[in-house]
$ cat coords36.pdb   # PDB, C-alpha atoms
ATOM      1  CA  GLY L  18       0.000   0.000   0.000  1.00  0.00           C
ATOM      2  CA  SER L  19       2.774   2.436   0.842  1.00  0.00           C
ATOM      3  CA  VAL L  20       4.547   2.057  -2.491  1.00  0.00           C
ATOM      4  CA  ARG L  21       1.299   2.436  -4.430  1.00  0.00           C
ATOM      5  CA  CYS L  22       0.405   5.548  -2.464  1.00  0.00           C
ATOM      6  CA  VAL L  23       3.664   7.255  -3.400  1.00  0.00           C
ATOM      7  CA  GLN L  24       2.630   6.797  -7.017  1.00  0.00           C
ATOM      8  CA  GLU L  25      -0.835   8.136  -6.249  1.00  0.00           C
ATOM      9  CA  THR L  26       0.575  11.231  -4.549  1.00  0.00           C
ATOM     10  CA  ASP L  27       2.580  11.986  -7.672  1.00  0.00           C
ATOM     11  CA  ALA L  28      -0.434  11.230  -9.884  1.00  0.00           C
ATOM     12  CA  PHE L  29      -2.636  13.532  -7.784  1.00  0.00           C
ATOM     13  CA  SER L  30      -0.069  16.327  -8.031  1.00  0.00           C
ATOM     14  CA  ALA L  31       0.288  15.829 -11.775  1.00  0.00           C
ATOM     15  CA  LEU L  32      -3.479  15.839 -12.338  1.00  0.00           C
ATOM     16  CA  THR L  33      -3.863  18.956 -10.200  1.00  0.00           C
ATOM     17  CA  VAL L  34      -1.064  20.831 -11.975  1.00  0.00           C
ATOM     18  CA  GLN L  35      -2.493  19.792 -15.344  1.00  0.00           C
ATOM     19  CA  ALA L  36      -5.954  21.047 -14.346  1.00  0.00           C
ATOM     20  CA  VAL L  37      -4.560  24.373 -13.155  1.00  0.00           C
ATOM     21  CA  GLY L  38      -2.508  24.739 -16.358  1.00  0.00           C
ATOM     22  CA  GLU L  39      -5.522  24.081 -18.566  1.00  0.00           C
ATOM     23  CA  ALA L  40      -7.643  26.542 -16.604  1.00  0.00           C
ATOM     24  CA  ALA L  41      -4.894  29.157 -16.793  1.00  0.00           C
ATOM     25  CA  ASN L  42      -4.659  28.703 -20.573  1.00  0.00           C
ATOM     26  CA  GLU L  43      -8.417  29.209 -20.880  1.00  0.00           C
ATOM     27  CA  MET L  44      -8.164  32.340 -18.739  1.00  0.00           C
ATOM     28  CA  ILE L  45      -5.292  33.711 -20.825  1.00  0.00           C
ATOM     29  CA  GLY L  46      -7.292  33.088 -24.000  1.00  0.00           C
ATOM     30  CA  GLU L  47     -10.278  34.966 -22.553  1.00  0.00           C
ATOM     31  CA  ILE L  48      -8.137  37.894 -21.407  1.00  0.00           C
ATOM     32  CA  LYS L  49      -6.465  38.070 -24.798  1.00  0.00           C
ATOM     33  CA  HIS L  50      -9.870  38.009 -26.499  1.00  0.00           C
ATOM     34  CA  GLN L  51     -11.208  40.793 -24.266  1.00  0.00           C
ATOM     35  CA  VAL L  52      -8.168  43.002 -24.844  1.00  0.00           C
ATOM     36  CA  GLU L  53      -8.274  42.439 -28.611  1.00  0.00           C
ATOM     37  CA  THR L  54     -11.975  43.237 -28.842  1.00  0.00           C
ATOM     38  CA  ASN L  55     -11.793  46.198 -26.456  1.00  0.00           C
ATOM     39  CA  PRO L  56      -8.333  47.866 -26.391  1.00  0.00           C
ATOM     40  CA  ALA L  57      -9.655  50.520 -23.992  1.00  0.00           C
ATOM     41  CA  ILE L  58      -9.146  47.955 -21.224  1.00  0.00           C
ATOM     42  CA  LEU L  59      -5.378  48.442 -21.461  1.00  0.00           C
ATOM     43  CA  ARG L  60      -5.779  52.215 -21.144  1.00  0.00           C
ATOM     44  CA  PHE L  61      -8.008  51.768 -18.072  1.00  0.00           C
ATOM     45  CA  GLU L  62     -10.859  53.429 -19.961  1.00  0.00           C
ATOM     46  CA  ALA L  63     -13.102  50.349 -19.854  1.00  0.00           C
ATOM     47  CA  LEU L  64     -13.636  47.494 -17.450  1.00  0.00           C
ATOM     48  CA  PRO L  65     -13.000  43.893 -18.471  1.00  0.00           C
ATOM     49  CA  ASP L  66     -15.748  41.292 -18.274  1.00  0.00           C
ATOM     50  CA  TYR L  67     -14.915  39.948 -14.832  1.00  0.00           C
ATOM     51  CA  GLU L  68     -17.936  37.655 -14.777  1.00  0.00           C
ATOM     52  CA  ARG L  69     -16.635  35.745 -17.799  1.00  0.00           C
ATOM     53  CA  CYS L  70     -13.258  35.171 -16.098  1.00  0.00           C
ATOM     54  CA  ILE L  71     -14.958  34.067 -12.883  1.00  0.00           C
ATOM     55  CA  ALA L  72     -17.138  31.683 -14.897  1.00  0.00           C
ATOM     56  CA  ILE L  73     -14.047  30.146 -16.532  1.00  0.00           C
ATOM     57  CA  SER L  74     -12.382  29.701 -13.147  1.00  0.00           C
ATOM     58  CA  THR L  75     -15.484  28.219 -11.549  1.00  0.00           C
ATOM     59  CA  LYS L  76     -16.155  25.850 -14.433  1.00  0.00           C
ATOM     60  CA  ALA L  77     -12.551  24.675 -14.422  1.00  0.00           C
ATOM     61  CA  SER L  78     -12.509  24.128 -10.671  1.00  0.00           C
ATOM     62  CA  LEU L  79     -15.676  22.047 -10.862  1.00  0.00           C
ATOM     63  CA  SER L  80     -14.900  20.006 -13.971  1.00  0.00           C
ATOM     64  CA  LYS L  81     -11.123  19.597 -14.092  1.00  0.00           C
ATOM     65  CA  MET L  82     -10.704  18.619 -10.443  1.00  0.00           C
ATOM     66  CA  VAL L  83     -13.017  15.601 -10.701  1.00  0.00           C
ATOM     67  CA  ALA L  84     -10.192  13.168 -11.518  1.00  0.00           C
ATOM     68  CA  PRO L  85      -7.897  14.225  -8.639  1.00  0.00           C
ATOM     69  CA  GLY L  86     -10.849  14.224  -6.253  1.00  0.00           C
ATOM     70  CA  ALA L  87     -11.981  10.778  -7.403  1.00  0.00           C
ATOM     71  CA  LEU L  88      -8.447   9.462  -6.942  1.00  0.00           C
ATOM     72  CA  VAL L  89      -8.370  10.661  -3.338  1.00  0.00           C
ATOM     73  CA  ILE L  90     -11.853   9.392  -2.489  1.00  0.00           C
ATOM     74  CA  LEU L  91     -11.743   6.046  -4.280  1.00  0.00           C
ATOM     75  CA  SER L  92      -8.208   4.896  -3.385  1.00  0.00           C
ATOM     76  CA  PRO L  93      -8.919   4.017   0.273  1.00  0.00           C
ATOM     77  CA  ILE L  94     -12.195   2.346  -0.700  1.00  0.00           C
ATOM     78  CA  VAL L  95     -10.526   0.195  -3.355  1.00  0.00           C
ATOM     79  CA  PHE L  96      -7.562  -0.639  -1.117  1.00  0.00           C
ATOM     80  CA  GLY L  97      -9.853  -1.497   1.775  1.00  0.00           C
ATOM     81  CA  THR L  98     -11.912  -3.790  -0.429  1.00  0.00           C
ATOM     82  CA  LEU L  99      -8.900  -5.525  -1.968  1.00  0.00           C
ATOM     83  CA  PHE L 100      -6.379  -5.617   0.885  1.00  0.00           C
ATOM     84  CA  GLY L 101      -8.320  -4.974   4.081  1.00  0.00           C
ATOM     85  CA  PRO L 102      -7.390  -2.675   6.955  1.00  0.00           C
ATOM     86  CA  GLN L 103      -3.636  -3.310   6.588  1.00  0.00           C
ATOM     87  CA  GLY L 104      -3.764  -2.179   2.967  1.00  0.00           C
ATOM     88  CA  VAL L 105      -5.559   1.033   3.902  1.00  0.00           C
ATOM     89  CA  ALA L 106      -3.098   1.643   6.758  1.00  0.00           C
ATOM     90  CA  GLY L 107      -0.191   1.253   4.335  1.00  0.00           C
ATOM     91  CA  LEU L 108      -1.904   3.520   1.837  1.00  0.00           C
ATOM     92  CA  LEU L 109      -2.490   6.267   4.396  1.00  0.00           C
ATOM     93  CA  ALA L 110       1.019   5.961   5.885  1.00  0.00           C
ATOM     94  CA  GLY L 111       2.483   6.239   2.398  1.00  0.00           C
ATOM     95  CA  ALA L 112       0.269   9.249   1.683  1.00  0.00           C
ATOM     96  CA  ILE L 113       1.538  11.054   4.770  1.00  0.00           C
ATOM     97  CA  VAL L 114       5.217  10.343   4.098  1.00  0.00           C
ATOM     98  CA  SER L 115       5.121  11.078   0.378  1.00  0.00           C
ATOM     99  CA  GLY L 116       2.827  14.086   0.940  1.00  0.00           C
ATOM    100  CA  VAL L 117       5.313  15.668   3.332  1.00  0.00           C
ATOM    101  CA  GLN L 118       8.131  15.097   0.844  1.00  0.00           C
ATOM    102  CA  MET L 119       6.013  16.564  -1.952  1.00  0.00           C
ATOM    103  CA  ALA L 120       5.134  19.608   0.176  1.00  0.00           C
ATOM    104  CA  ILE L 121       8.786  20.305   0.992  1.00  0.00           C
ATOM    105  CA  SER L 122       9.818  19.907  -2.646  1.00  0.00           C
ATOM    106  CA  SER L 123       6.997  22.151  -3.831  1.00  0.00           C
ATOM    107  CA  SER L 124       7.846  24.783  -1.253  1.00  0.00           C
ATOM    108  CA  ASN L 125      11.497  24.820  -2.252  1.00  0.00           C
ATOM    109  CA  SER L 126      10.756  24.926  -5.958  1.00  0.00           C
ATOM    110  CA  GLY L 127       8.209  27.715  -5.388  1.00  0.00           C
ATOM    111  CA  GLY L 128      10.875  29.760  -3.640  1.00  0.00           C
ATOM    112  CA  ALA L 129      13.294  29.137  -6.487  1.00  0.00           C
ATOM    113  CA  TRP L 130      10.690  30.259  -9.048  1.00  0.00           C
ATOM    114  CA  ASP L 131      10.041  33.402  -7.011  1.00  0.00           C
ATOM    115  CA  LEU L 132      13.730  34.250  -6.798  1.00  0.00           C
ATOM    116  CA  SER L 133      14.209  33.631 -10.522  1.00  0.00           C
ATOM    117  CA  LEU L 134      11.303  35.977 -11.285  1.00  0.00           C
ATOM    118  CA  ILE L 135      12.882  38.644  -9.083  1.00  0.00           C
ATOM    119  CA  HIS L 136      16.234  38.089 -10.789  1.00  0.00           C
ATOM    120  CA  ILE L 137      14.684  38.515 -14.230  1.00  0.00           C
ATOM    121  CA  SER L 138      12.509  41.537 -13.404  1.00  0.00           C
ATOM    122  CA  GLU L 139      14.785  43.329 -10.927  1.00  0.00           C
ATOM    123  CA  PRO L 140      18.363  41.985 -11.067  1.00  0.00           C
ATOM    124  CA  THR L 141      19.747  44.377  -8.460  1.00  0.00           C
ATOM    125  CA  ARG L 142      17.053  43.501  -5.890  1.00  0.00           C
ATOM    126  CA  LEU L 143      18.558  40.066  -5.227  1.00  0.00           C
ATOM    127  CA  LEU L 144      21.632  41.702  -3.771  1.00  0.00           C
ATOM    128  CA  SER L 145      19.528  43.243  -1.003  1.00  0.00           C
ATOM    129  CA  ILE L 146      17.726  39.949  -0.230  1.00  0.00           C
ATOM    130  CA  SER L 147      20.825  37.875   0.499  1.00  0.00           C
TER     131      SER L 147
END

$ encode --input "coords36.pdb" --output "structure tokens"
Amino acid sequence: GSVRCVQETDAFSALTVQAVGEAANEMIGEIKHQVETNPAILRFEALPDYERCIAISTKASLSKMVAPGALVILSPIVFGTLFGPQGVAGLLAGAIVSGVQMAISSSNSGGAWDLSLIHISEPTRLLSIS
């Protein structure tokens, strides 16, 4: 159960990142469309259609997160049915251990992305951070 759960933690993360990426691409397409059809938005002379962007975000959160949610809900049920309480215990122990590792890795990589963005946008600012 523990080994399988490590794979499921990675699968959950991959499905979640994929869902967020697809939603972000839809949002970028909508923003691009709004700016192309109404250039006054860039001059702050007109308001964008916020409701359309909220609808894209809501739709994506409801539809694209079904697979990761199903994975989380169904895994313990399937493992319990197939392997009994010991299988579920192994699954949950593996989820905790691999989840902590994933959280630490994500936190570190997020910090690295943030510092690289600062380096690209404001190269002299990094000198004051360190």

$ closest_residue --input "coords36.pdb" --among "L:Arg69, L:Arg60, L:Lys81, L:Lys76" --to "Val37 (chain L)" --atoms "all atoms listed in the file"
L:Lys81

$ closest_residue --input "coords36.pdb" --among "L:Ala84, L:Gly128, L:Ile94, L:Ala40" --to "Ala72 (chain L)" --atoms "only C-alpha atoms"
L:Ala40

$ atom_distance --input "coords36.pdb" --atom1 "CA of Leu64 (chain L)" --atom2 "CA of Leu79 (chain L)"
26.4 Å

$ closest_atom_pairs --input "coords36.pdb" --of "region 88-113 of chain L" --to "region 117-122 of chain L" --cutoff "10 Å" --atoms "all atoms listed in the file" --output "CSV"
residue,atom,partner,partner_atom,distance
L:Gly111,CA,L:Val117,CA,9.9
L:Ala112,CA,L:Val117,CA,8.3
L:Ile113,CA,L:Val117,CA,6.1

$ write_last_selection --input "coords36.pdb" --atoms "C-alpha atoms" --output "PDB file, keeping the file's coordinate frame"
ATOM      1  CA  GLY L 111       2.483   6.239   2.398  1.00  0.00           C
ATOM      2  CA  ALA L 112       0.269   9.249   1.683  1.00  0.00           C
ATOM      3  CA  ILE L 113       1.538  11.054   4.770  1.00  0.00           C
TER       4      ILE L 113
END

$ atom_distance --input "coords36.pdb" --atom1 "CA of Glu25 (chain L)" --atom2 "CA of Val105 (chain L)"
13.3 Å

$ resolve_selection --input "coords36.pdb" --expression "the PyMOL selection byres ((chain L and resi 30-33) around 10)" --output "ChimeraX atom specification"
/L:24-29,34-39,81-86,88,116,119

$ axis_aligned_box --input "coords36.pdb" --around "region 92-106 of chain L" --padding-each-side "3 Å" --output "lines of an AutoDock Vina configuration file"
center_x = -7.6
center_y = -0.4
center_z = 1.8
size_x = 15.1
size_y = 16.5
size_z = 16.3

$ closest_residue --input "coords36.pdb" --among "L:Ile90, L:Ser138, L:Ile48, L:Gly97" --to "Glu68 (chain L)" --atoms "only C-alpha atoms"
L:Ile48

$ residues_around --input "coords36.pdb" --residues "Glu43 (chain L)" --least-positions-apart "6" --cutoff "9 Å" --atoms "all atoms listed in the file" --output "list in words"
Ile73, Ser74 and Ala77 of chain L

$ closest_residue --input "coords36.pdb" --among "L:Asp131, L:Ser92, L:Thr75, L:Glu62" --to "Gly104 (chain L)" --atoms "only C-alpha atoms"
L:Ser92

$ resolve_selection --input "coords36.pdb" --expression "the PyMOL selection byres ((chain L and resi 96) around 12)" --output "VMD selection string"
chain L and resid 18 to 19 21 to 22 88 to 95 97 to 109

$ atom_distance --input "coords36.pdb" --atom1 "CA of Ile71 (chain L)" --atom2 "CA of Leu59 (chain L)"
19.3 Å

$ residues_around --input "coords36.pdb" --residues "Pro65 (chain L)" --least-positions-apart "6" --cutoff "9 Å" --atoms "all atoms listed in the file" --output "PyMOL selection string"
chain L and resi 48+51-52+55+58

$ closest_residue --input "coords36.pdb" --among "L:Ser80, L:Asp66, L:Glu139, L:Ser124" --to "Thr54 (chain L)" --atoms "all atoms listed in the file"
L:Asp66

$ closest_residue --input "coords36.pdb" --among "L:Ser126, L:Ser133, L:Ser78, L:Ser115" --to "Ala41 (chain L)" --atoms "only C-alpha atoms"
L:Ser78

$ decode --input "coords36.pdb" --residues "region 29-58 of chain L" --atoms "N, CA and C atoms" --output "CSV table (one decimal), in the first residue's frame"
chain,number,residue,atom,x,y,z
L,29,PHE,N,-1.7,12.5,-8.2
L,29,PHE,CA,-2.6,13.5,-7.8
L,29,PHE,C,-2.0,14.9,-8.1
L,30,SER,N,-0.7,15.0,-7.8
L,30,SER,CA,-0.1,16.3,-8.0
L,30,SER,C,0.0,16.6,-9.5
L,31,ALA,N,0.2,15.6,-10.3
L,31,ALA,CA,0.3,15.8,-11.8
L,31,ALA,C,-1.1,16.2,-12.3
L,32,LEU,N,-2.1,15.5,-11.9
L,32,LEU,CA,-3.5,15.8,-12.3
L,32,LEU,C,-3.9,17.2,-11.9
L,33,THR,N,-3.5,17.6,-10.7
L,33,THR,CA,-3.9,19.0,-10.2
L,33,THR,C,-3.1,20.0,-11.0
L,34,VAL,N,-1.8,19.9,-11.2
L,34,VAL,CA,-1.1,20.8,-12.0
L,34,VAL,C,-1.6,20.9,-13.4
L,35,GLN,N,-1.9,19.8,-14.0
L,35,GLN,CA,-2.5,19.8,-15.3
L,35,GLN,C,-3.8,20.6,-15.4
L,36,ALA,N,-4.7,20.3,-14.4
L,36,ALA,CA,-6.0,21.0,-14.3
L,36,ALA,C,-5.8,22.6,-14.2
L,37,VAL,N,-4.8,22.9,-13.4
L,37,VAL,CA,-4.6,24.4,-13.2
L,37,VAL,C,-4.0,25.0,-14.4
L,38,GLY,N,-3.1,24.3,-15.1
L,38,GLY,CA,-2.5,24.7,-16.4
L,38,GLY,C,-3.6,24.9,-17.4
L,39,GLU,N,-4.5,24.0,-17.6
L,39,GLU,CA,-5.5,24.1,-18.6
L,39,GLU,C,-6.4,25.3,-18.3
L,40,ALA,N,-6.8,25.4,-17.0
L,40,ALA,CA,-7.6,26.5,-16.6
L,40,ALA,C,-6.9,27.9,-16.9
L,41,ALA,N,-5.7,27.9,-16.6
L,41,ALA,CA,-4.9,29.2,-16.8
L,41,ALA,C,-4.8,29.5,-18.3
L,42,ASN,N,-4.7,28.5,-19.1
L,42,ASN,CA,-4.7,28.7,-20.6
L,42,ASN,C,-6.0,29.2,-21.1
L,43,GLU,N,-7.1,28.7,-20.5
L,43,GLU,CA,-8.4,29.2,-20.9
L,43,GLU,C,-8.6,30.7,-20.4
L,44,MET,N,-8.1,31.0,-19.3
L,44,MET,CA,-8.2,32.3,-18.7
L,44,MET,C,-7.3,33.3,-19.6
L,45,ILE,N,-6.1,32.9,-20.0
L,45,ILE,CA,-5.3,33.7,-20.8
L,45,ILE,C,-6.0,34.0,-22.2
L,46,GLY,N,-6.6,32.9,-22.7
L,46,GLY,CA,-7.3,33.1,-24.0
L,46,GLY,C,-8.4,34.1,-23.9
L,47,GLU,N,-9.2,34.0,-22.8
L,47,GLU,CA,-10.3,35.0,-22.6
L,47,GLU,C,-9.8,36.4,-22.4
L,48,ILE,N,-8.7,36.6,-21.6
L,48,ILE,CA,-8.1,37.9,-21.4
L,48,ILE,C,-7.6,38.5,-22.7
L,49,LYS,N,-7.0,37.6,-23.5
L,49,LYS,CA,-6.5,38.1,-24.8
L,49,LYS,C,-7.6,38.5,-25.7
L,50,HIS,N,-8.7,37.7,-25.7
L,50,HIS,CA,-9.9,38.0,-26.5
L,50,HIS,C,-10.5,39.3,-26.1
L,51,GLN,N,-10.6,39.6,-24.8
L,51,GLN,CA,-11.2,40.8,-24.3
L,51,GLN,C,-10.4,42.0,-24.6
L,52,VAL,N,-9.1,41.9,-24.5
L,52,VAL,CA,-8.2,43.0,-24.8
L,52,VAL,C,-8.2,43.3,-26.3
L,53,GLU,N,-8.2,42.2,-27.2
L,53,GLU,CA,-8.3,42.4,-28.6
L,53,GLU,C,-9.6,43.1,-29.1
L,54,THR,N,-10.7,42.7,-28.4
L,54,THR,CA,-12.0,43.2,-28.8
L,54,THR,C,-12.3,44.6,-28.2
L,55,ASN,N,-11.6,44.9,-27.1
L,55,ASN,CA,-11.8,46.2,-26.5
L,55,ASN,C,-10.5,46.7,-25.9
L,56,PRO,N,-9.6,47.4,-26.8
L,56,PRO,CA,-8.3,47.9,-26.4
L,56,PRO,C,-8.4,48.9,-25.3
L,57,ALA,N,-9.5,49.5,-25.1
L,57,ALA,CA,-9.7,50.5,-24.0
L,57,ALA,C,-9.4,49.9,-22.6
L,58,ILE,N,-9.5,48.6,-22.5
L,58,ILE,CA,-9.1,48.0,-21.2
L,58,ILE,C,-7.7,48.2,-20.8
